[in-house]
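Q: If it helps, the file is called query.txt and holds compact mmCIF, C-alpha atoms:
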```
# COMPACT_ATOMS: atom_id res chain seq x y z
CA MET P 1 164.50 223.14 108.23
CA THR P 2 164.61 219.82 106.37
CA ILE P 3 166.06 216.45 107.26
CA GLU P 4 168.19 215.19 104.41
CA PRO P 5 169.54 211.73 105.20
CA ARG P 6 173.12 210.92 104.36
CA LYS P 7 173.68 208.52 101.51
CA PHE P 8 174.80 205.77 103.90
CA SER P 9 171.77 206.15 106.18
CA LYS P 10 169.45 206.27 103.15
CA TYR P 11 170.74 202.95 101.84
CA LEU P 12 170.72 201.47 105.33
CA LYS P 13 167.07 202.47 105.76
CA ILE P 14 166.19 200.82 102.43
CA THR P 15 168.12 197.69 103.41
CA ILE P 16 166.39 197.45 106.79
CA THR P 17 162.95 198.00 105.24
CA LEU P 18 163.43 195.34 102.54
CA ASN P 19 164.90 192.89 105.05
CA GLN P 20 161.97 193.42 107.45
CA ILE P 21 159.44 192.87 104.67
CA LEU P 22 161.25 189.71 103.53
CA ILE P 23 161.40 188.37 107.10
CA ILE P 24 157.69 189.04 107.73
CA VAL P 25 156.71 187.32 104.46
CA LEU P 26 158.90 184.28 105.22
CA GLN P 27 157.48 184.07 108.75
CA ILE P 28 153.89 184.20 107.49
CA ILE P 29 154.60 181.51 104.87
CA TYR P 30 156.21 179.36 107.55
CA ASN P 31 153.15 179.64 109.80
CA LEU P 32 150.84 178.74 106.93
CA THR P 33 152.86 175.80 105.61
CA THR P 34 154.60 174.27 108.65
CA GLN P 35 153.47 170.92 109.99
CA ASP P 36 154.85 171.68 113.45
CA GLU P 37 152.36 172.35 116.19
CA GLY P 38 152.60 174.61 119.20
CA VAL P 39 155.54 176.68 120.13
CA ASP P 40 157.13 177.42 116.74
CA VAL P 41 153.97 178.97 115.33
CA LEU P 42 153.23 180.83 118.55
CA THR P 43 156.79 182.17 118.71
CA ASN P 44 156.53 183.33 115.13
CA ILE P 45 153.30 185.19 115.82
CA ILE P 46 155.07 187.08 118.62
CA TYR P 47 158.03 187.97 116.39
CA ILE P 48 155.79 188.90 113.46
CA ASN P 49 154.02 191.40 115.69
CA TYR P 50 157.38 192.72 116.90
CA ASN P 51 158.77 193.07 113.35
CA VAL P 52 155.58 194.73 112.10
CA VAL P 53 155.81 197.27 114.93
CA ALA P 54 159.46 197.98 114.08
CA LEU P 55 158.66 198.35 110.37
CA GLY P 56 155.67 200.57 111.17
CA LYS P 57 157.80 202.85 113.34
CA LEU P 58 160.48 203.09 110.67
CA LEU P 59 158.01 203.95 107.92
CA SER P 60 156.15 206.34 110.22
CA MET P 61 159.34 208.23 111.02
CA TYR P 62 160.21 208.41 107.33
CA TYR P 63 156.72 209.51 106.28
CA ARG P 64 156.58 212.17 109.01
CA ARG P 65 160.20 213.29 108.69
CA GLN P 66 159.27 216.82 107.58
CA THR P 67 156.87 217.20 110.50
CA LEU P 68 159.59 215.92 112.82
CA ALA P 69 162.05 218.42 111.35
CA LYS P 70 159.56 221.23 111.94
CA VAL P 71 159.02 220.12 115.54
CA LEU P 72 162.76 219.97 116.19
CA GLU P 73 163.23 223.40 114.66
CA ILE P 74 160.51 224.90 116.89
CA LEU P 75 161.89 223.25 120.03
CA ASP P 76 165.38 224.44 119.16
CA GLY P 77 164.08 228.00 118.75
CA ILE P 78 162.26 228.12 122.09
CA TYR P 79 164.78 226.16 124.15
CA PRO P 80 165.70 228.18 127.27
CA THR P 81 169.17 229.55 127.81
CA GLN P 82 171.53 228.14 130.41
CA ARG P 83 170.79 231.04 132.75
CA ILE P 84 167.05 230.31 132.59
CA GLU P 85 167.67 226.59 133.11
CA GLU P 86 169.62 227.29 136.28
CA LYS P 87 167.17 229.91 137.54
CA TYR P 88 164.09 227.71 137.21
CA ASN P 89 165.86 224.40 138.01
CA LEU P 90 165.11 222.85 134.61
CA ASN P 91 168.24 220.68 134.58
CA SER P 92 166.27 217.99 136.40
CA TYR P 93 164.47 217.19 133.15
CA PHE P 94 167.78 216.53 131.39
CA ARG P 95 168.85 214.20 134.20
CA TYR P 96 165.45 212.51 134.05
CA TYR P 97 165.81 211.80 130.33
CA SER P 98 169.46 210.76 130.70
CA ARG P 99 168.47 208.02 133.15
CA ILE P 100 165.79 206.76 130.74
CA GLU P 101 168.22 206.77 127.83
CA THR P 102 170.93 204.93 129.77
CA PHE P 103 168.48 202.29 130.95
CA ILE P 104 166.93 201.68 127.52
CA TRP P 105 170.22 201.46 125.64
CA SER P 106 171.70 199.19 128.29
CA PHE P 107 168.68 196.91 127.99
CA TYR P 108 169.00 196.86 124.20
CA ARG P 109 172.68 195.91 124.44
CA LEU P 110 171.56 192.91 126.49
CA VAL P 111 168.64 191.87 124.28
CA GLY P 112 170.38 192.22 120.90
CA PRO P 113 173.31 189.83 121.47
CA VAL P 114 171.13 187.30 123.28
CA TYR P 115 168.66 187.00 120.39
CA VAL P 116 171.47 186.73 117.85
CA THR P 117 173.75 184.26 119.65
CA LEU P 118 171.32 182.11 121.64
CA PRO P 119 170.17 180.01 118.61
CA LEU P 120 173.82 179.37 117.73
CA VAL P 121 174.55 178.29 121.31
CA GLN P 122 171.50 176.04 121.19
CA SER P 123 172.73 174.47 117.93
CA LEU P 124 176.19 173.88 119.38
CA LYS P 125 174.64 172.31 122.47
CA SER P 126 172.79 169.82 120.25
CA ILE P 127 176.17 168.49 119.06
CA TRP P 128 176.79 167.29 122.60
CA THR P 129 173.24 166.06 123.29
CA LEU P 130 172.18 164.78 119.82
CA GLY P 131 175.49 164.32 118.08
CA LYS P 132 174.71 166.80 115.27
CA PHE P 133 174.41 170.50 114.54
CA THR P 134 170.65 171.23 114.43
CA LEU P 135 170.74 174.42 112.27
CA ILE P 136 168.50 176.50 114.55
CA LEU P 137 167.72 180.01 113.29
CA PRO P 138 167.03 183.24 115.24
CA LEU P 139 163.58 183.32 113.61
CA SER P 140 161.44 180.49 112.24
CA LEU P 141 161.37 181.13 108.49
CA TRP P 142 160.13 179.30 105.43
CA LYS P 143 163.23 177.70 104.01
CA MET P 144 164.12 176.85 100.44
CA GLY P 145 165.87 173.54 99.93
CA ASP P 146 166.33 170.50 102.12
CA PRO P 147 168.21 171.13 105.40
CA LEU P 148 169.58 167.56 105.18
CA ASP P 149 171.54 168.34 102.00
CA ASN P 150 175.27 168.90 102.38
CA ASP P 151 175.06 172.11 100.32
CA TRP P 152 172.43 173.65 102.60
CA TRP P 153 175.04 175.28 104.82
CA LEU P 154 175.23 178.38 102.64
CA THR P 155 171.46 178.67 102.67
CA TYR P 156 171.48 178.27 106.47
CA LEU P 157 174.10 181.02 106.76
CA PHE P 158 171.98 183.32 104.58
CA TYR P 159 168.85 182.73 106.69
CA TYR P 160 170.81 183.15 109.91
CA LEU P 161 172.27 186.47 108.76
CA ILE P 162 168.96 187.98 107.63
CA GLY P 163 167.25 186.75 110.82
CA ALA P 164 170.01 188.17 113.02
CA PHE P 165 169.99 191.45 111.07
CA SER P 166 166.21 191.64 111.46
CA SER P 167 166.43 191.09 115.23
CA ILE P 168 169.14 193.75 115.66
CA SER P 169 167.53 196.31 113.33
CA SER P 170 164.06 195.79 114.88
CA GLY P 171 165.40 196.41 118.36
CA MET P 172 167.45 199.40 117.21
CA THR P 173 164.51 200.92 115.31
CA ILE P 174 162.09 200.57 118.23
CA THR P 175 164.70 201.81 120.72
CA GLY P 176 165.66 204.81 118.57
CA CYS P 177 162.05 205.82 117.91
CA ASP P 178 161.15 205.46 121.57
CA LEU P 179 164.10 207.60 122.67
CA CYS P 180 163.14 210.25 120.12
CA LEU P 181 159.61 210.22 121.54
CA TYR P 182 160.79 210.38 125.14
CA SER P 183 163.18 213.25 124.46
CA LEU P 184 160.42 215.30 122.79
CA ILE P 185 157.97 214.64 125.64
CA THR P 186 160.61 215.51 128.24
CA GLN P 187 161.20 218.85 126.53
CA LEU P 188 157.46 219.51 126.45
CA CYS P 189 157.26 218.79 130.19
CA MET P 190 160.11 221.22 130.76
CA HIS P 191 158.37 223.97 128.74
CA TYR P 192 155.06 223.49 130.59
CA ASP P 193 156.91 223.68 133.91
CA LEU P 194 158.74 226.82 132.81
CA LEU P 195 155.47 228.45 131.73
CA SER P 196 153.84 227.69 135.08
CA GLN P 197 156.77 229.13 137.03
CA ARG P 198 156.79 232.29 134.92
CA ILE P 199 153.06 232.74 135.40
CA MET P 200 153.55 232.59 139.16
CA GLU P 201 156.00 235.51 138.85
CA LEU P 202 153.38 237.83 137.35
CA GLN P 203 152.56 240.72 139.68
CA PRO P 204 149.87 242.96 138.13
CA ALA P 205 149.81 245.15 141.24
CA ALA P 206 153.49 246.10 140.71
CA GLY P 207 153.01 246.98 137.04
CA GLU P 208 149.93 245.86 135.18
CA GLU P 209 151.12 246.90 131.73
CA ASN P 210 154.25 244.80 132.05
CA ALA P 211 152.31 241.87 133.55
CA THR P 212 149.76 242.03 130.72
CA LYS P 213 152.50 242.05 128.11
CA ARG P 214 154.28 239.09 129.72
CA LEU P 215 151.00 237.19 130.02
CA GLY P 216 150.40 237.68 126.29
CA ILE P 217 153.88 236.31 125.53
CA LEU P 218 153.29 233.31 127.79
CA THR P 219 149.93 232.66 126.12
CA ARG P 220 151.60 232.52 122.70
CA GLN P 221 154.36 230.27 124.01
CA HIS P 222 151.77 227.92 125.51
CA LEU P 223 150.02 227.73 122.14
CA ILE P 224 153.32 226.91 120.41
CA VAL P 225 154.14 224.16 122.92
CA THR P 226 150.65 222.67 122.66
CA ASN P 227 150.80 222.68 118.84
CA VAL P 228 154.12 220.84 119.01
CA ALA P 229 152.61 218.33 121.44
CA ASN P 230 149.76 217.65 119.01
CA GLU P 231 152.27 216.57 116.36
CA ILE P 232 153.68 213.76 118.49
CA ASN P 233 152.59 210.35 117.30
CA ILE P 234 152.36 207.22 119.45
CA PHE P 235 152.69 203.87 117.71
CA SER P 236 152.65 200.25 118.95
CA VAL P 237 151.54 200.72 122.57
CA MET P 238 148.17 199.10 121.93
CA SER P 239 149.82 195.98 120.43
CA SER P 240 151.67 195.38 123.69
CA SER P 241 148.70 193.58 125.29
CA PHE P 242 148.82 190.99 122.51
CA THR P 243 152.60 190.51 122.82
CA LEU P 244 152.60 190.30 126.62
CA CYS P 245 149.80 187.75 126.53
CA LEU P 246 151.48 185.46 123.98
CA VAL P 247 154.89 185.68 125.67
CA ALA P 248 153.39 184.74 129.05
CA TYR P 249 151.42 181.91 127.42
CA GLN P 250 154.58 180.64 125.74
CA MET P 251 156.56 180.61 128.98
CA LEU P 252 153.99 178.35 130.68
CA ASP P 253 154.07 175.82 127.85
CA ASP P 254 156.33 172.77 127.75
CA VAL P 255 159.31 174.43 126.03
CA SER P 256 163.10 174.38 126.27
CA ILE P 257 165.10 176.55 128.64
CA PHE P 258 166.37 178.56 125.65
CA THR P 259 162.82 179.46 124.63
CA ILE P 260 161.97 180.45 128.21
CA VAL P 261 165.04 182.72 128.39
CA LYS P 262 164.18 184.45 125.10
CA ALA P 263 160.53 184.79 126.11
CA PHE P 264 161.42 186.19 129.53
CA ILE P 265 163.79 188.78 128.06
CA LEU P 266 161.16 189.80 125.49
CA LEU P 267 158.58 190.06 128.29
CA LEU P 268 160.86 192.42 130.22
CA TYR P 269 161.67 194.40 127.07
CA GLU P 270 158.02 194.86 126.16
CA SER P 271 157.05 195.69 129.74
CA LYS P 272 159.80 198.29 129.88
CA GLN P 273 158.44 200.02 126.80
CA VAL P 274 154.86 200.07 128.05
CA ILE P 275 155.73 201.23 131.58
CA ILE P 276 158.05 204.06 130.49
CA THR P 277 155.71 205.27 127.75
CA CYS P 278 152.67 205.36 130.03
CA TYR P 279 154.62 206.92 132.89
CA ILE P 280 156.08 209.68 130.74
CA GLY P 281 152.63 210.29 129.24
CA GLN P 282 151.31 210.73 132.78
CA LYS P 283 154.14 213.16 133.54
CA LEU P 284 153.24 215.24 130.47
CA LYS P 285 149.63 215.40 131.63
CA GLU P 286 150.68 216.54 135.11
CA CYS P 287 153.12 219.17 133.80
CA SER P 288 150.57 220.61 131.38
CA SER P 289 148.05 220.91 134.23
CA LEU P 290 150.53 223.07 136.14
CA VAL P 291 149.85 225.96 133.76
CA ASN P 292 146.18 226.06 134.64
CA ALA P 293 146.95 225.72 138.36
CA SER P 294 149.44 228.60 138.17
CA LEU P 295 146.86 230.85 136.54
CA TYR P 296 144.56 230.26 139.50
CA ALA P 297 147.33 230.59 142.08
CA HIS P 298 149.06 233.79 140.97
CA SER P 299 147.78 237.21 142.09
CA TRP P 300 145.37 237.79 139.20
CA TYR P 301 142.90 239.45 141.61
CA ASP P 302 145.23 242.48 141.85
CA GLY P 303 144.79 243.22 138.15
CA SER P 304 142.21 245.25 136.32
CA THR P 305 139.22 243.89 134.43
CA ARG P 306 141.27 243.85 131.24
CA TYR P 307 144.00 241.76 132.86
CA ARG P 308 141.46 239.39 134.42
CA ARG P 309 139.81 238.94 131.04
CA ARG P 310 143.12 237.83 129.55
CA VAL P 311 143.68 235.44 132.44
CA LEU P 312 140.19 234.03 131.90
CA TYR P 313 140.95 233.50 128.21
CA MET P 314 144.12 231.55 129.06
CA LEU P 315 142.24 229.60 131.74
CA LEU P 316 139.76 228.45 129.11
CA CYS P 317 142.65 227.41 126.82
CA THR P 318 144.36 225.41 129.58
CA MET P 319 141.26 223.99 131.27
CA GLN P 320 141.93 220.51 129.93
CA PRO P 321 145.51 219.25 130.48
CA PHE P 322 147.26 217.93 127.41
CA VAL P 323 147.13 214.15 127.25
CA LEU P 324 149.26 212.04 124.94
CA ASN P 325 147.08 209.69 122.90
CA PHE P 326 147.29 206.82 120.48
CA MET P 327 145.92 208.12 117.14
CA GLY P 328 143.05 209.80 119.00
CA ILE P 329 141.76 206.44 120.25
CA ALA P 330 143.21 206.02 123.75
CA ASP P 331 145.03 208.29 126.20
CA ILE P 332 148.55 207.32 127.24
CA THR P 333 148.68 207.57 131.04
CA VAL P 334 149.16 205.22 133.98
CA ILE P 335 145.51 204.22 133.49
CA THR P 336 146.51 202.92 130.06
CA LEU P 337 149.21 200.83 131.75
CA LYS P 338 146.53 199.15 133.85
CA GLU P 339 144.39 198.55 130.75
CA VAL P 340 147.30 197.06 128.77
CA TYR P 341 148.09 194.51 131.47
CA GLY P 342 144.39 193.91 132.08
CA ASN P 343 143.82 193.13 128.39
CA ALA P 344 146.90 190.92 128.35
CA TYR P 345 145.58 188.94 131.32
CA ARG P 346 142.13 188.57 129.74
CA LEU P 347 143.63 187.31 126.47
CA PHE P 348 145.89 184.96 128.42
CA THR P 349 142.85 183.56 130.28
CA VAL P 350 141.00 182.97 127.01
CA PHE P 351 143.95 181.15 125.43
CA LYS P 352 144.56 178.96 128.45
CA SER P 353 140.92 177.98 128.74
CA ALA P 354 140.58 177.21 125.01
```
Show this structure as structure tokens.
A:
Amino acid sequence: MTIEPRKFSKYLKITITLNQILIIVLQIIYNLTTQDEGVDVLTNIIYINYNVVALGKLLSMYYRRQTLAKVLEILDGIYPTQRIEEKYNLNSYFRYYSRIETFIWSFYRLVGPVYVTLPLVQSLKSIWTLGKFTLILPLSLWKMGDPLDNDWWLTYLFYYLIGAFSSISSGMTITGCDLCLYSLITQLCMHYDLLSQRIMELQPAAGEENATKRLGILTRQHLIVTNVANEINIFSVMSSSFTLCLVAYQMLDDVSIFTIVKAFILLLYESKQVIITCYIGQKLKECSSLVNASLYAHSWYDGSTRYRRRVLYMLLCTMQPFVLNFMGIADITVITLKEVYGNAYRLFTVFKSA
């Protein structure tokens, strides 16, 4: 199975990538050349981190597209039938993911328009308070030309469009990649749960040959599920401490109400991503541990030495529950959630005391 993008999506991906690179470069140049102090530079650092994460996720998905296609093909091949779903009550996992998807997309529909329209509203407000249109952009970018020139309106429109497109595409990229990750992990949880329930059904006393055969099939299925789980890649969770810290620091500074609103929404958006990712990583760990618990709990003691030896082999394979991790550096569980917020608070303390 291969993923061949449609011509439209291929060009859209190229457009988003080039736009993100251009935005990041213009933001960096702005931070290095601006004479403004304080909030503009700090805000740009937050958005640079956000855009880099979005670009990294996009490139990661593209680079690993064949691996993703292989994973989807395997999951499609081992997905249980409707009868099995109903028998083992696996529909709860679909409802669980549906709630996550609805919440995340609803949140994105709130964040996207706010970040695109709020600078325009702020500029229109300045007509009433200052008597002029202040040409505020969604992102602080290095600008060519003099904003005081009468012909700068076209340049302003160009910068506004690429900044708005960057904000929308960044949010859509991160949201889409996260939903892809959550759907894969939810399916893995379902398969681990199904394996544990099927192990509990094994009755070697009623027919050891059949139980041994079924145990061998379940062992191979567990290996397939674990191999798929090893292919899942986590990106950007560890950068959340930095973003949360800077957003909180920005909100406590002497800034406008518009900046506080944008910072507060970004704080909620980033917190949502960290909490859901860590929680679903914890759920995967708990579901994978069910397999080992089921091997202990089922009536293995009624089997022969040969059957017990096979159970012991599978026990050794499932002794350690599968834990989602960030590039082999840190595990993604509720403990990680505590560490992310702890690191954010420590960075915040350092910045406020500096």
Q: Using only C-alpha atoms, tabulate the residues of segment 132-211 of chain P lying at most 6 Å from any atom of segment 290-309 of chain P, each with its closest atom pair and that distance in Å to one decimal, by chain and increasing residue number, as a tab-separated table.
A:
```
residue	atom	partner	partner_atom	distance
P:Ser196	CA	P:Val291	CA	4.5
P:Met200	CA	P:His298	CA	5.0
P:Pro204	CA	P:Gly303	CA	5.1
P:Ala205	CA	P:Asp302	CA	5.3
```
Q: Mind giving me the straight-line distance from atom CA of Lys125 of chain P to atom CA of Thr155 of chain P in Å, one decimal?
A: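 Pair atom CA of Lys125 of chain P / atom CA of Thr155 of chain P returns 21.0 Å.
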Q: Name all residues at most 12 Å from segment 89-91 of chain P (count only C-alpha atoms; drop same-chain ones fewer than 3 positions away) and give them as a count of residues only.
A: 24
Q: Taking (167.7, 188.2, 105.7) in the file's coordinates, which residues come within 12 Å, counting all atoms listed in the file, written as a VMD selection string?
A: chain P and resid 15 to 27 137 to 143 155 to 169
Q: Using only C-alpha atoms, please write the residues we just selected to a file, as a short mmCIF file (atom, residue, chain, number, x, y, z; two decimals), in the coordinates of the input.
A:
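The resulting file, part_13.cif, is shown below:
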```
data_model
loop_
_atom_site.label_atom_id
_atom_site.label_comp_id
_atom_site.auth_asym_id
_atom_site.auth_seq_id
_atom_site.Cartn_x
_atom_site.Cartn_y
_atom_site.Cartn_z
CA THR P 15 168.12 197.69 103.41
CA ILE P 16 166.39 197.45 106.79
CA THR P 17 162.95 198.00 105.24
CA LEU P 18 163.43 195.34 102.54
CA ASN P 19 164.90 192.89 105.05
CA GLN P 20 161.97 193.42 107.45
CA ILE P 21 159.44 192.87 104.67
CA LEU P 22 161.25 189.71 103.53
CA ILE P 23 161.40 188.37 107.10
CA ILE P 24 157.69 189.04 107.73
CA VAL P 25 156.71 187.32 104.46
CA LEU P 26 158.90 184.28 105.22
CA GLN P 27 157.48 184.07 108.75
CA LEU P 137 167.72 180.01 113.29
CA PRO P 138 167.03 183.24 115.24
CA LEU P 139 163.58 183.32 113.61
CA SER P 140 161.44 180.49 112.24
CA LEU P 141 161.37 181.13 108.49
CA TRP P 142 160.13 179.30 105.43
CA LYS P 143 163.23 177.70 104.01
CA THR P 155 171.46 178.67 102.67
CA TYR P 156 171.48 178.27 106.47
CA LEU P 157 174.10 181.02 106.76
CA PHE P 158 171.98 183.32 104.58
CA TYR P 159 168.85 182.73 106.69
CA TYR P 160 170.81 183.15 109.91
CA LEU P 161 172.27 186.47 108.76
CA ILE P 162 168.96 187.98 107.63
CA GLY P 163 167.25 186.75 110.82
CA ALA P 164 170.01 188.17 113.02
CA PHE P 165 169.99 191.45 111.07
CA SER P 166 166.21 191.64 111.46
CA SER P 167 166.43 191.09 115.23
CA ILE P 168 169.14 193.75 115.66
CA SER P 169 167.53 196.31 113.33
#
```
Q: Counting all atoms listed in the file, which residue out of P:Met319, P:Asn343, P:Leu184, P:Ile257 sits closest to Glu73 of chain P?
A: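 For Glu73 of chain P, the nearest of the given residues is P:Leu184.
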Q: How big is the axis-aligned box around all listed atoms of segment 66-78 of chain P once 5 Å goes on each side, and where's its centre, in Å to one decimal, as lines of an AutoDock Vina configuration file?
A:
```
center_x = 161.1
center_y = 222.0
center_z = 114.8
size_x = 18.5
size_y = 22.2
size_z = 24.5
```
